[in-house]
Each structure stands twice: as structure tokens, then as C-alpha cells.
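Okay, target27.txt is below, compact mmCIF, C-alpha atoms:
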# COMPACT_ATOMS: atom_id res chain seq x y z
CA MET A 1 73.60 84.02 94.27
CA LEU A 2 77.08 85.33 95.02
CA GLN A 3 78.32 87.10 98.15
CA VAL A 4 80.94 89.63 97.07
CA GLY A 5 81.88 90.78 100.58
CA PHE A 6 84.40 89.51 103.08
CA LYS A 7 85.22 85.96 104.09
CA LEU A 8 84.83 86.55 107.81
CA LEU A 9 81.36 87.97 107.27
CA PHE A 10 80.39 85.07 105.01
CA ALA A 11 81.70 82.46 107.46
CA GLN A 12 79.61 83.91 110.29
CA SER A 13 76.44 84.03 108.26
CA HIS A 14 75.33 84.11 104.64
CA ILE A 15 72.20 83.65 102.61
CA THR A 16 71.44 79.97 102.46
CA GLY A 17 72.57 78.67 99.10
CA ALA A 18 74.82 81.64 98.32
CA GLU A 19 78.46 81.19 97.35
CA PHE A 20 81.41 83.23 98.51
CA ALA A 21 82.95 84.96 95.51
CA GLY A 22 85.49 87.28 97.13
CA PRO A 23 85.49 90.98 98.10
CA ALA A 24 85.03 92.78 94.81
CA GLY A 25 86.40 96.02 96.21
CA GLN A 26 89.84 94.43 96.15
CA SER A 27 91.72 93.34 93.04
CA ASP A 28 92.07 89.71 94.11
CA GLY A 29 88.39 89.56 94.98
CA LEU A 30 87.44 90.96 91.60
CA GLU A 31 89.65 88.37 89.95
CA ALA A 32 88.04 85.58 91.98
CA LEU A 33 84.61 86.79 90.91
CA GLY A 34 85.66 86.68 87.27
CA GLN A 35 86.93 83.14 87.67
CA ARG A 36 83.73 82.03 89.38
CA VAL A 37 81.53 83.18 86.51
CA ALA A 38 83.91 82.35 83.67
CA GLN A 39 82.08 79.19 82.65
CA LEU A 40 78.57 80.59 83.02
CA PRO A 41 76.47 81.46 79.99
CA ARG A 42 76.09 85.21 79.50
CA ASP A 43 72.34 84.94 79.96
CA ALA A 44 72.71 83.35 83.41
CA GLU A 45 70.71 85.06 86.15
CA ILE A 46 73.09 86.23 88.86
CA VAL A 47 72.20 87.93 92.14
CA LEU A 48 74.96 89.78 93.98
CA TYR A 49 74.91 90.86 97.59
CA CYS A 50 77.30 92.12 100.23
CA GLY A 51 75.86 93.79 103.38
CA CYS A 52 79.21 94.47 105.03
CA CYS A 53 78.22 98.01 105.94
CA PRO A 54 75.63 100.67 105.06
CA TRP A 55 74.75 100.62 101.34
CA ALA A 56 76.27 103.99 100.49
CA HIS A 57 79.60 102.91 101.98
CA CYS A 58 79.85 99.40 100.54
CA PRO A 59 83.21 99.01 98.78
CA ASN A 60 82.23 95.83 96.97
CA ILE A 61 78.81 95.82 95.39
CA ALA A 62 79.31 98.47 92.71
CA ALA A 63 82.63 97.00 91.62
CA ALA A 64 81.13 93.51 91.34
CA TYR A 65 78.14 94.72 89.33
CA ARG A 66 80.31 96.66 86.92
CA ARG A 67 82.65 93.73 86.38
CA LEU A 68 79.85 91.33 85.53
CA ARG A 69 78.33 93.83 83.11
CA GLU A 70 81.75 94.32 81.51
CA LEU A 71 82.00 90.56 81.12
CA GLY A 72 78.73 90.60 79.21
CA PHE A 73 76.28 89.27 81.78
CA ARG A 74 72.89 90.72 81.00
CA TYR A 75 70.78 89.46 83.89
CA VAL A 76 72.61 90.67 86.96
CA LYS A 77 70.64 91.79 89.98
CA VAL A 78 71.88 93.39 93.17
CA LEU A 79 70.23 92.71 96.50
CA TYR A 80 69.64 96.04 98.19
CA ILE A 81 70.80 95.81 101.80
CA ALA A 82 70.28 99.23 103.31
CA HIS A 83 72.02 98.86 106.67
CA ASP A 84 73.92 95.60 106.89
CA PHE A 85 73.41 91.87 106.50
CA GLY A 86 72.58 91.30 110.15
CA THR A 87 69.94 94.01 110.34
CA ASP A 88 68.30 93.54 106.97
CA TRP A 89 68.49 89.78 106.56
CA VAL A 90 69.33 87.67 109.61
CA GLU A 91 67.25 89.62 112.13
CA LYS A 92 64.27 89.49 109.80
CA GLY A 93 64.38 85.73 109.96
CA TYR A 94 65.31 85.08 106.35
CA PRO A 95 67.20 81.87 105.60
CA ALA A 96 70.84 82.08 106.63
CA SER A 97 73.63 79.57 107.09
CA THR A 98 77.02 79.57 108.75
CA GLY A 99 80.37 78.20 107.66
CA GLY A 100 82.19 78.19 104.41
CA MET B 1 83.53 107.34 95.86
CA ARG B 2 80.12 108.76 96.80
CA ALA B 3 79.65 110.07 93.28
CA ALA B 4 80.60 106.71 91.86
CA LEU B 5 78.12 104.95 94.10
CA SER B 6 75.38 107.41 93.17
CA ALA B 7 76.01 106.80 89.49
CA PHE B 8 75.98 103.09 90.17
CA GLY B 9 72.68 103.42 92.00
CA LEU B 10 71.05 105.01 88.96
CA LEU B 11 72.58 102.46 86.64
CA ALA B 12 71.42 99.55 88.73
CA LEU B 13 67.97 100.92 89.52
CA MET B 14 66.20 98.49 87.23
CA SER B 15 68.28 95.59 88.43
CA VAL B 16 68.05 95.93 92.19
CA THR B 17 65.91 93.49 94.04
CA SER B 18 64.74 93.85 97.62
CA THR B 19 65.54 91.70 100.62
CA GLY B 20 61.88 90.74 100.89
CA GLN B 21 61.70 89.50 97.29
CA ALA B 22 64.85 87.48 97.71
CA ALA B 23 63.65 86.00 100.97
CA ALA B 24 60.43 84.91 99.35
CA ALA B 25 62.37 83.21 96.59
CA GLN B 26 64.59 81.43 99.12
CA ALA B 27 61.63 80.37 101.22
CA ALA B 28 59.85 79.05 98.16
CA ALA B 29 62.91 76.97 97.41
CA GLY B 30 62.57 75.39 100.82
CA ALA B 31 65.81 76.72 102.28
CA GLN B 32 65.87 76.48 106.06
CA GLY B 33 69.20 77.85 107.21
CA ASP B 34 70.81 77.72 110.64
CA VAL B 35 69.72 79.28 113.89
CA ALA B 36 71.39 82.68 114.24
CA PRO B 37 73.23 83.45 117.48
CA THR B 38 71.72 86.12 119.66
CA ALA B 39 73.52 89.38 120.35
CA PRO B 40 74.21 90.00 124.04
CA GLN B 41 71.75 92.50 125.46
CA ALA B 42 72.17 95.58 127.65
CA GLY B 43 72.35 94.61 131.32
CA ASN B 44 74.06 91.29 130.64
CA VAL B 45 77.71 90.63 131.36
CA ALA B 46 79.74 91.06 128.18
CA PRO B 47 80.93 87.69 126.85
CA ASP B 48 84.50 87.14 127.93
CA PHE B 49 87.31 86.34 125.54
CA THR B 50 91.07 86.08 125.40
CA ARG B 51 92.96 87.07 122.28
CA THR B 52 96.42 88.30 121.37
CA ASP B 53 96.67 91.85 120.09
CA LEU B 54 98.78 93.17 117.22
CA ASP B 55 101.68 93.74 119.59
CA GLY B 56 101.64 90.14 120.80
CA LYS B 57 100.11 90.94 124.20
CA SER B 58 97.35 88.77 125.62
CA ARG B 59 94.09 90.66 126.13
CA VAL B 60 91.39 89.25 128.40
CA LEU B 61 88.18 91.25 128.45
CA SER B 62 87.28 90.36 132.05
CA ALA B 63 90.71 91.57 133.22
CA TYR B 64 89.51 95.11 132.50
CA ARG B 65 86.89 95.06 135.30
CA GLY B 66 87.00 98.43 137.01
CA LYS B 67 87.35 100.20 133.67
CA VAL B 68 84.74 101.31 131.19
CA ILE B 69 85.24 99.46 127.92
CA LEU B 70 84.33 100.55 124.42
CA LEU B 71 84.55 97.40 122.35
CA ASN B 72 84.70 98.51 118.73
CA PHE B 73 84.34 96.07 115.83
CA TRP B 74 85.76 97.64 112.68
CA ALA B 75 87.64 96.90 109.47
CA THR B 76 90.02 98.72 107.16
CA TRP B 77 87.49 98.48 104.30
CA CYS B 78 84.70 100.12 106.34
CA ALA B 79 84.61 103.86 105.66
CA PRO B 80 82.36 104.77 108.61
CA CYS B 81 84.69 102.77 110.89
CA LEU B 82 87.70 104.72 109.69
CA ALA B 83 85.89 107.97 110.39
CA GLU B 84 85.39 106.93 114.03
CA ILE B 85 88.92 105.80 114.78
CA PRO B 86 90.58 109.22 115.25
CA ARG B 87 87.87 110.13 117.76
CA PHE B 88 88.36 106.87 119.61
CA SER B 89 92.09 107.46 119.78
CA ALA B 90 91.46 110.95 121.17
CA TRP B 91 89.03 109.55 123.76
CA GLN B 92 91.56 106.94 124.85
CA GLN B 93 94.13 109.62 125.46
CA ARG B 94 91.73 111.99 127.15
CA TYR B 95 89.67 109.56 129.24
CA GLY B 96 92.15 106.74 129.72
CA PRO B 97 93.43 108.24 133.00
CA SER B 98 89.81 108.33 134.20
CA GLY B 99 89.27 104.64 133.52
CA LEU B 100 88.34 104.26 129.85
CA GLN B 101 89.77 101.42 127.80
CA ILE B 102 88.96 101.11 124.12
CA LEU B 103 89.54 97.76 122.43
CA GLY B 104 89.46 97.49 118.65
CA ILE B 105 88.41 94.21 117.04
CA ALA B 106 89.43 94.20 113.37
CA MET B 107 87.14 92.04 111.23
CA ASP B 108 89.43 92.10 108.21
CA ASP B 109 90.40 88.90 106.44
CA GLU B 110 94.03 90.02 106.15
CA LEU B 111 96.30 90.90 109.08
CA ASP B 112 98.68 93.01 106.99
CA ALA B 113 96.08 95.64 106.13
CA VAL B 114 95.17 96.06 109.80
CA ARG B 115 98.77 96.28 110.91
CA GLN B 116 99.54 98.92 108.29
CA LEU B 117 96.58 101.06 109.29
CA ALA B 118 97.27 100.73 113.00
CA GLN B 119 100.85 101.88 112.47
CA ARG B 120 99.95 104.66 110.06
CA ASP B 121 97.22 106.13 112.25
CA HIS B 122 99.01 105.54 115.58
CA LEU B 123 96.00 104.00 117.29
CA ALA B 124 96.10 104.76 120.99
CA TYR B 125 94.46 101.50 122.05
CA PRO B 126 94.98 97.76 121.48
CA VAL B 127 93.73 96.09 118.32
CA ILE B 128 92.82 92.41 118.12
CA MET B 129 92.09 90.43 114.98
CA GLY B 130 88.51 89.20 114.99
CA ASP B 131 87.47 85.69 114.02
CA VAL B 132 84.31 83.68 113.54
CA GLN B 133 84.17 82.50 117.15
CA LEU B 134 84.53 86.02 118.53
CA GLY B 135 81.92 87.28 116.12
CA GLN B 136 79.48 84.54 117.14
CA LEU B 137 80.13 85.31 120.81
CA TYR B 138 78.70 88.76 120.16
CA GLY B 139 75.72 87.55 118.19
CA GLY B 140 77.40 87.62 114.80
CA VAL B 141 79.20 90.71 113.61
CA LEU B 142 77.21 90.98 110.41
CA GLY B 143 77.76 94.61 109.56
CA LEU B 144 80.07 97.38 110.60
CA PRO B 145 80.69 99.52 112.47
CA LEU B 146 79.49 97.89 115.68
CA SER B 147 80.41 98.89 119.21
CA TYR B 148 79.52 97.84 122.73
CA LEU B 149 79.78 100.16 125.71
CA ILE B 150 80.58 98.09 128.82
CA ASP B 151 80.53 99.45 132.37
CA ALA B 152 83.13 98.95 135.09
CA HIS B 153 81.27 95.85 136.33
CA GLY B 154 81.55 94.20 132.92
CA ARG B 155 77.89 94.73 132.00
CA ILE B 156 76.79 95.87 128.58
CA VAL B 157 75.30 99.34 128.71
CA GLU B 158 74.64 99.98 125.03
CA ARG B 159 75.08 98.42 121.60
CA TYR B 160 75.74 100.83 118.73
CA ARG B 161 75.28 99.69 115.14
CA GLY B 162 75.92 101.54 111.93
CA GLU B 163 77.00 105.14 112.06
CA PRO B 164 76.34 106.22 115.64
CA ASP B 165 76.15 109.68 117.15
CA LEU B 166 79.65 109.94 118.59
CA LYS B 167 78.74 112.89 120.80
CA GLN B 168 76.03 110.78 122.40
CA ILE B 169 78.47 107.93 123.02
CA GLU B 170 80.98 110.32 124.53
CA ARG B 171 78.37 111.77 126.89
CA ARG B 172 77.33 108.28 127.91
CA LEU B 173 80.81 106.98 128.60
CA ARG B 174 81.82 110.09 130.55
CA VAL B 175 79.00 109.42 133.01
CA LEU B 176 80.20 105.85 133.49
CA LEU B 177 83.87 106.62 134.12
CA PRO B 178 85.04 105.49 137.55
CA ARG B 179 87.04 108.69 138.02
CA PRO B 180 85.87 112.10 136.87
CA ALA B 181 87.28 113.38 133.61
CA ALA B 182 88.71 116.85 133.28
CA PRO B 183 86.10 119.25 131.88
Full structure transcribed into C-alpha cells:
Amino acid sequence: MLQVGFKLLFAQSHITGAEFAGPAGQSDGLEALGQRVAQLPRDAEIVLYCGCCPWAHCPNIAAAYRRLRELGFRYVKVLYIAHDFGTDWVEKGYPASTGG
Amino acid sequence: MRAALSAFGLLALMSVTSTGQAAAAQAAAGAQGDVAPTAPQAGNVAPDFTRTDLDGKSRVLSAYRGKVILLNFWATWCAPCLAEIPRFSAWQQRYGPSGLQILGIAMDDELDAVRQLAQRDHLAYPVIMGDVQLGQLYGGVLGLPLSYLIDAHGRIVERYRGEPDLKQIERRLRVLLPRPAAP
């Protein structure tokens, strides 16, 4: 599970077990994502999430999904976070961790 | 951008999972996680902090007692935040003489992007770079935009998350101003 949002958001709270991959809405973030998955088999199951802001305004999630599909990953899922990570994950009591 | 996201939504329809499904998977794996900080509630004194703004001036929240504060967490990558900023600048100019002080807390990872935007858009109020500690102080800034309306006694009046009704905020802050605003 990869968080493709912003470092400051990730450091405050992220899904337990998720890795920070970089903000995919920015060119350096997209590059970091590519490097993170470079050694993975193309049939690896990958879940992406962001939650930086309301879904329709997220600058990262679509770019990350497209890049992984372009790289040939067939089993990519996107976690739908309608409002933001705090509202739709942390406040619902789902597992979250700080740091990183 | 909206069109691109809509197209993406259709494309990804079969591949989107829900927060509930993911949570179940995490719980089944035995993940515990940390205890999340709690956001300060209305009626409580706003957590105090001291930070240096983009101009190098020290900003202490409690030093603004006697003024109404709109504490706005935002970022350059947050489209709804950018839509609010011109209104906030206008409010600062209009209601500043009546006792309003807006403080922007930028939650960007990079200072340069914030500095460029602040200069380009001529923000009429101070901007501070956010950090993990400041975010945790306010319960975790885990989504933007996020604003707190704070009265002249330093107490939180309202917490606004997501895309708020700016007219409603303006009505609310006008009532709180220590000196009447021009009609």
C-alpha cells in the first residue's frame, strides 16, 4: 500500500503498514513512485491512496494510477477517500500510524 | 482538470476499493496503529504556538488576544484552498481595522512553492510554514482546507473542514469582531 500524497500529511498520520511514495501530482513525486515499484513484478497487487483533500480535487491519485498502468501493473487499486484522510480513515478508527 | 478526473473515475471504477474494505483487510492483518490526537473543540482555548512567518517575523497566537482570528491551514497543491485565499485577503483588508487577523498555515513540503504563491497573490496576512508538531497540536491536519475561527478571548468558535460556505463564515466572524465593521 503506497501513499502518493504529501510528506507532511504522511508524517502526521498514515495507514498502518503503508509506505510513502511521494506526491504523484509533482514530477519528482511521480519519479519516486516509479523508482519504488521498479523491482516489483507486474502482477503485484498495489493499493494507492492519498486523502490530502476532497476526492475530486486530489492532484495526486489519478497521476499515480495512470503511471502504474503505463508501467504495466495490472492489479492496481485506488482507495476511495471521499473527503480527506482524517475524516474518512482516522476518525473512523481504522489503523493509523505516525512518523516516517 | 475536472474532466481528467472524471475520465479517471470511469477508468478506475473497477479498481477502486472502499475505506471499509481496506480497514477490514488491515484489521485482519492485526495492525494496531497509534492513538490519533484529538482536534481542539469549540469552546476550548486554541492551542498556542510560536512560529516564524515567511517575512521572518515571530508570530505567537496568544499575542493576538483581543482580535478575532481565522486560522487557515492550506497548501499550494489544494485547489479549494486556493479558491478561498482571495476572499481571505479581501476580508483581512476590509475587517482588519475592526479586529480581524487571518493567519495562514501552509502545509506544503516545500517552502519555495509557498513563497512564490504568497508573492504572486499578494496575500494580505501572514503565512507560516506548518509542521508535524503544529498539525498534531490541532488534532492532525489530515485534509485540507481546514480553518478555525477563534474569538477575541482565544476560544475556538468553529472548525471548518473541506469546502466551507464562505458567506456563512463571513457572517459569523462579523458578529465576533470587537469593533463594528462598515456595512
Legend entry - Test item: which residues lie within 12 Å of (84.7, 96.0, 105.4) counting only C-alpha atoms, as a PyMOL selection string: (chain A and resi 4-10+23-26+50-55+57-61+84) or (chain B and resi 73-82+106-110+113-114+141-146)
Legend entry - At most 9 Å to chain B: residues in chain A, all atoms listed in the file, as a PyMOL selection string: chain A and resi 6-13+15-17+25+47+51-54+56-59+62+65-66+75-81+83-91+93-99
Inset, instruction - Rounded to one decimal place, report the CA of His153 (chain B)-CA of Leu137 (chain B) distance in Å. - result: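 So the two atoms, CA of His153 (chain B) and CA of Leu137 (chain B), lie 18.8 Å apart.
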Legend entry - From B:Arg179, B:Arg87, B:His122, B:Arg94, residue lying nearest Lys167 (chain B) [all atoms listed in the file]: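 Smallest separation from Lys167 (chain B) among the options: B:Arg87.
Note that CA of Tyr138 (chain B) and CA of Ala152 (chain B) are 18.6 Å apart.
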Legend entry - Nearest candidate to Ala42 (chain B) (options B:Pro86, B:Gly99, B:Gly154, B:Gly104; using only C-alpha atoms):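 Comparing B:Pro86, B:Gly99, B:Gly154, B:Gly104 against Ala42 (chain B), the winner is B:Gly154.
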Save region 35-55 of chain A of the structure in the block above to a file, with N, CA and C atoms included, as an mmCIF file, in the first residue's frame.
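Below is the file that was written, out-v7.cif:
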data_model
loop_
_atom_site.group_PDB
_atom_site.id
_atom_site.type_symbol
_atom_site.label_atom_id
_atom_site.label_comp_id
_atom_site.auth_asym_id
_atom_site.auth_seq_id
_atom_site.Cartn_x
_atom_site.Cartn_y
_atom_site.Cartn_z
ATOM 1 N N GLN A 35 10.399 4.688 -9.113
ATOM 2 C CA GLN A 35 11.555 4.011 -8.513
ATOM 3 C C GLN A 35 11.122 2.993 -7.462
ATOM 4 N N ARG A 36 10.076 3.350 -6.704
ATOM 5 C CA ARG A 36 9.624 2.442 -5.642
ATOM 6 C C ARG A 36 9.112 1.113 -6.204
ATOM 7 N N VAL A 37 8.470 1.171 -7.346
ATOM 8 C CA VAL A 37 7.850 -0.043 -7.881
ATOM 9 C C VAL A 37 8.730 -0.727 -8.935
ATOM 10 N N ALA A 38 9.883 -0.163 -9.205
ATOM 11 C CA ALA A 38 10.696 -0.653 -10.330
ATOM 12 C C ALA A 38 11.022 -2.135 -10.231
ATOM 13 N N GLN A 39 11.245 -2.614 -9.021
ATOM 14 C CA GLN A 39 11.658 -4.009 -8.854
ATOM 15 C C GLN A 39 10.482 -4.960 -8.621
ATOM 16 N N LEU A 40 9.281 -4.419 -8.606
ATOM 17 C CA LEU A 40 8.117 -5.276 -8.319
ATOM 18 C C LEU A 40 7.674 -6.014 -9.573
ATOM 19 N N PRO A 41 7.188 -7.245 -9.425
ATOM 20 C CA PRO A 41 6.626 -7.943 -10.574
ATOM 21 C C PRO A 41 5.369 -7.223 -11.072
ATOM 22 N N ARG A 42 5.108 -7.305 -12.349
ATOM 23 C CA ARG A 42 3.972 -6.560 -12.916
ATOM 24 C C ARG A 42 2.622 -7.114 -12.490
ATOM 25 N N ASP A 43 2.622 -8.267 -11.859
ATOM 26 C CA ASP A 43 1.352 -8.781 -11.330
ATOM 27 C C ASP A 43 1.231 -8.541 -9.816
ATOM 28 N N ALA A 44 2.073 -7.663 -9.287
ATOM 29 C CA ALA A 44 1.973 -7.312 -7.863
ATOM 30 C C ALA A 44 0.666 -6.560 -7.615
ATOM 31 N N GLU A 45 0.063 -6.811 -6.460
ATOM 32 C CA GLU A 45 -1.152 -6.081 -6.087
ATOM 33 C C GLU A 45 -0.740 -4.818 -5.338
ATOM 34 N N ILE A 46 -1.134 -3.686 -5.875
ATOM 35 C CA ILE A 46 -0.747 -2.394 -5.298
ATOM 36 C C ILE A 46 -2.011 -1.597 -4.997
ATOM 37 N N VAL A 47 -2.077 -1.058 -3.784
ATOM 38 C CA VAL A 47 -3.166 -0.150 -3.427
ATOM 39 C C VAL A 47 -2.569 1.238 -3.240
ATOM 40 N N LEU A 48 -3.171 2.211 -3.908
ATOM 41 C CA LEU A 48 -2.759 3.608 -3.808
ATOM 42 C C LEU A 48 -3.777 4.380 -2.976
ATOM 43 N N TYR A 49 -3.290 5.340 -2.209
ATOM 44 C CA TYR A 49 -4.232 6.258 -1.573
ATOM 45 C C TYR A 49 -3.558 7.598 -1.379
ATOM 46 N N CYS A 50 -4.396 8.629 -1.173
ATOM 47 C CA CYS A 50 -3.866 9.961 -0.891
ATOM 48 C C CYS A 50 -4.650 10.582 0.267
ATOM 49 N N GLY A 51 -5.819 11.186 -0.015
ATOM 50 C CA GLY A 51 -6.632 11.764 1.059
ATOM 51 C C GLY A 51 -6.212 13.149 1.494
ATOM 52 N N CYS A 52 -5.451 13.838 0.628
ATOM 53 C CA CYS A 52 -4.986 15.186 1.005
ATOM 54 C C CYS A 52 -6.124 16.196 1.019
ATOM 55 N N CYS A 53 -7.123 15.948 0.173
ATOM 56 C CA CYS A 53 -8.222 16.902 0.044
ATOM 57 C C CYS A 53 -9.398 16.168 -0.614
ATOM 58 N N PRO A 54 -10.533 16.827 -0.788
ATOM 59 C CA PRO A 54 -11.679 16.114 -1.368
ATOM 60 C C PRO A 54 -11.317 15.416 -2.693
ATOM 61 N N TRP A 55 -11.885 14.238 -2.892
ATOM 62 C CA TRP A 55 -11.542 13.338 -3.996
ATOM 63 C C TRP A 55 -11.448 14.046 -5.342
#
